[in-house]
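**Student:** The following block contains the structure, expressed as structure tokens.
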Amino acid sequence: MPKISAVIISYNEEKYIGRCLESLQQVADEIVVVDSYSQDKTREICKTYKVRFIEHEFEGYRQQKNWAMAQAENDIVLSLDADECLSEELKNSIQNVKSSWEADAYSFNRLNNYYGKWIKHSGVYPDRKIRLFDRRKGKWGGVNPHDKFIVNPGEKYKFLTGDLLHYVQDSIDDHVDKIRLFSGINAGEYYKMGKNSSFLKILVHPSWRFFKSYFFNMGFLDGYYGFVICSLNAYSSFLKHVKIRKLNMKSKDKS
């Protein structure tokens with residue numbers, strides 16, 4: 001039976017991390033929290049649980065997660081963000097996997113909670129993630145801040161039932177603030193990759209994102225909050241493309 005190391009990265013997560021740690025008690029043989037020098041009570045809350053608490057300067061989301069999983073004692077890693085926790089069904093699925101490990105990685109759906117509402121459509125569910133894996137069989141990649149675990153070619157992965165519960169935002173104001181932050185990080189990453197944007201992309205991409213999430217992904221079934229989420233996701237796309245274009249324009253002005 002393999003042992004599982006649960007690995008969490010955190011920064012100022014006093015509101016959520018207790019719930020996250022509580023959900024791991026029955027499935028994890030070790031819990032590692034890698035914290036980016038939180039200024040709130042995150043450290044104190046973690047110390048009330050049996051966890052290994054490590055402070056490490058934040059280098060980027062995928063970089064931090066790769067560094068964090070390297071600190072685990074076990075090769076089987078269950079990776080969570082501090083604002084996530086395991087549903088009861090997912091706990092049972094993971095416990096079953098421990099007794100019969102058959103794949104190199106396992107994925108499961110993430111159910112997102114916006115403003116106190118569980119959102120079942122709007123392009124945010126099922127939000128399938130690979131979060132349980134043999135760390136020797138892949139690494140964290142993606143474009144910051146949207147990291148993802150990438151399994152090496154040819155490795156085997158399976159799907160587990162049960163939801164990873166994600167408490168995304170408590171209010172629309174918090175959501176807008178996060179969009180402004182993340183769109184800047186994302187634009188910076190694309191700029192470093194040599195990507196550019198254009199007026200046409202700024203016009204088309206946000207419009208398509210709203211249309212797709214609200215109509216094709218049935219965001220209208222999530223009611224008022226579905227409309228808000230689809231609209232803000234379009235706004236996120238708009239800001240990202242505007243910021244990419246701005247960075248490239250600044251670069252041209254300097255040259």
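The chains in the structure tokens are called A, B, ... from first to last as shown; in each chain the residues are counted from 1, and the ligands are counted from 1 in the order shown.
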Apply DSSP to the backbone of this structure and, from region 17-176 of chain A, keep only the residues in strand (DSSP E or B); write these as a ChimeraX atom specification.

**Tutor:** /A:30-35,52-55,76-81,84-86,105-114,117-119,129-134,138-143,146-151,157-169

**Student:** As an mmCIF file with C-alpha atoms, in the first residue's frame, please: the residues near Lys240 (chain A) (cut-off 10 Å, only C-alpha atoms, same-chain neighbours under 2 positions excluded).

**Tutor:**
data_model
loop_
_atom_site.group_PDB
_atom_site.id
_atom_site.type_symbol
_atom_site.label_atom_id
_atom_site.label_comp_id
_atom_site.auth_asym_id
_atom_site.auth_seq_id
_atom_site.Cartn_x
_atom_site.Cartn_y
_atom_site.Cartn_z
ATOM 1 C CA ILE A 179 -8.863 38.891 -12.129
ATOM 2 C CA ARG A 180 -6.769 42.064 -12.170
ATOM 3 C CA PHE A 182 -4.009 37.053 -12.430
ATOM 4 C CA SER A 183 -4.473 38.755 -15.805
ATOM 5 C CA GLY A 184 -1.249 40.685 -15.186
ATOM 6 C CA ILE A 185 0.670 37.535 -14.271
ATOM 7 C CA ASN A 186 -0.750 35.667 -17.254
ATOM 8 C CA ALA A 187 0.015 38.515 -19.667
ATOM 9 C CA GLY A 188 3.577 38.720 -18.387
ATOM 10 C CA TYR A 190 2.738 35.203 -22.547
ATOM 11 C CA SER A 197 -2.256 40.568 -29.019
ATOM 12 C CA ILE A 202 -9.175 42.161 -27.737
ATOM 13 C CA PRO A 206 -13.739 38.137 -24.597
ATOM 14 C CA ALA A 234 -14.885 37.539 -20.427
ATOM 15 C CA TYR A 235 -13.470 40.557 -18.574
ATOM 16 C CA SER A 236 -10.479 38.443 -17.571
ATOM 17 C CA SER A 237 -9.842 37.587 -21.210
ATOM 18 C CA PHE A 238 -10.180 41.261 -22.148
ATOM 19 C CA VAL A 242 -4.983 44.397 -23.340
ATOM 20 C CA LYS A 243 -2.015 43.845 -21.001
ATOM 21 C CA ILE A 244 -0.172 41.629 -23.495
ATOM 22 C CA ARG A 245 -0.565 44.345 -26.133
ATOM 23 C CA LYS A 246 0.550 47.027 -23.675
#

**Student:** Using only C-alpha atoms, which protein or nucleic acid residues come within 7 Å of region 76-86 of chain A? Drop anything in the same chain fewer than 3 positions from it, and give the result as a list in words.

**Tutor:**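 Near neighbours after the sequence-gap exclusion: Lys3, Ile4, Ser5, Ala6, Val7, Ile8, Ile9, Ser10, Glu13, Tyr16, Ile17, Arg19, Cys20, Ser23, Leu90, Lys91, Arg131, Leu132, Phe133, Asp134, Arg135, Asp163, Leu164, Leu165, His166 and Tyr167 of chain A.
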
**Student:** What separation in Å, quoted to one decimal, exists between CA of Arg128 (chain A) and CA of Asp147 (chain A)?

**Tutor:**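 These atoms are spaced 12.9 Å apart.
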
**Student:** Pick out the closest residue to Trp208 (chain A) from this set: A:Gly142, A:Asn233, A:Tyr225, A:Ala72. Count only C-alpha atoms.

**Tutor:** A:Asn233

**Student:** Check the smallest atom-to-atom distance from each of A:Arg43, A:Ile31, A:Pro126, A:Leu160 to Glu89 (chain A) using only C-alpha atoms, then report the winner.

**Tutor:**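 With only C-alpha atoms as the atom set, the closest residue is A:Leu160.
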
**Student:** Can you work out which one of A:Trp118, A:Tyr61, A:Phe220, A:Trp101 has the shortest atom-to-atom distance to Lys148 (chain A), counting only C-alpha atoms?

**Tutor:**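 Residue with the minimum atom-to-atom distance to Lys148 (chain A): A:Tyr61.
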
**Student:** Report as CSV the residues of region 31-144 of chain A within 7 Å of region 149-152 of chain A, each with its shortest atom pair and distance in Å (one decimal), using only C-alpha atoms, ordered by chain and increasing residue number.

**Tutor:**
residue,atom,partner,partner_atom,distance
A:Ile130,CA,A:Phe149,CA,6.1
A:Lys137,CA,A:Asn152,CA,5.6
A:Gly138,CA,A:Val151,CA,4.3
A:Lys139,CA,A:Ile150,CA,5.6
A:Trp140,CA,A:Phe149,CA,4.3
A:Gly141,CA,A:Phe149,CA,6.0

**Student:** Any chance you could export the current selection's C-alpha atoms as a PDB file, in the first residue's frame?

**Tutor:**
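Produced file part_8.pdb, reproduced below:
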ATOM      1  CA  ILE A 130      -4.776  15.716 -12.065  1.00  0.00           C
ATOM      2  CA  LYS A 137       6.026  10.437 -13.661  1.00  0.00           C
ATOM      3  CA  GLY A 138       5.522  14.131 -14.439  1.00  0.00           C
ATOM      4  CA  LYS A 139       5.917  17.730 -13.306  1.00  0.00           C
ATOM      5  CA  TRP A 140       4.004  20.980 -12.900  1.00  0.00           C
ATOM      6  CA  GLY A 141       3.712  23.063 -16.056  1.00  0.00           C
TER       7      GLY A 141
END

**Student:** Nearest to Asp29 (chain A): which of A:Ser122, A:Asn248, A:Gln95, A:Gln169 is it, counting only C-alpha atoms?

**Tutor:** A:Gln95

**Student:** With a distance cut-off of 10 Å and only C-alpha atoms, select the neighbouring residues of Gly223 (chain A), excluding the residue or stretch itself and same-chain residues fewer than 4 positions from it, and output the selection as a list in words.

**Tutor:**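 Listed by chain and then number, they are Ile119, Ser122, Met218, Gly219, Phe227 and Val228 of chain A.
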
**Student:** Can those selected residues be exported to a file as a PDB file, in the first residue's frame so that it contains N, CA and C atoms?

**Tutor:**
ATOM      1  N   ILE A 119     -21.276  26.126  -8.416  1.00  0.00           N
ATOM      2  CA  ILE A 119     -21.558  26.397  -9.820  1.00  0.00           C
ATOM      3  C   ILE A 119     -21.358  25.121 -10.637  1.00  0.00           C
ATOM      4  N   SER A 122     -21.493  26.983 -16.641  1.00  0.00           N
ATOM      5  CA  SER A 122     -20.699  28.194 -16.907  1.00  0.00           C
ATOM      6  C   SER A 122     -19.255  27.913 -17.329  1.00  0.00           C
ATOM      7  N   MET A 218     -23.879  26.415 -20.882  1.00  0.00           N
ATOM      8  CA  MET A 218     -25.139  26.554 -20.144  1.00  0.00           C
ATOM      9  C   MET A 218     -25.005  27.334 -18.842  1.00  0.00           C
ATOM     10  N   GLY A 219     -24.240  28.411 -18.916  1.00  0.00           N
ATOM     11  CA  GLY A 219     -24.119  29.271 -17.744  1.00  0.00           C
ATOM     12  C   GLY A 219     -25.448  29.853 -17.298  1.00  0.00           C
ATOM     13  N   PHE A 227     -24.484  34.351 -14.909  1.00  0.00           N
ATOM     14  CA  PHE A 227     -24.273  35.510 -15.780  1.00  0.00           C
ATOM     15  C   PHE A 227     -23.077  36.334 -15.296  1.00  0.00           C
ATOM     16  N   VAL A 228     -22.984  36.532 -13.988  1.00  0.00           N
ATOM     17  CA  VAL A 228     -21.871  37.309 -13.425  1.00  0.00           C
ATOM     18  C   VAL A 228     -20.536  36.627 -13.711  1.00  0.00           C
TER      19      VAL A 228
END
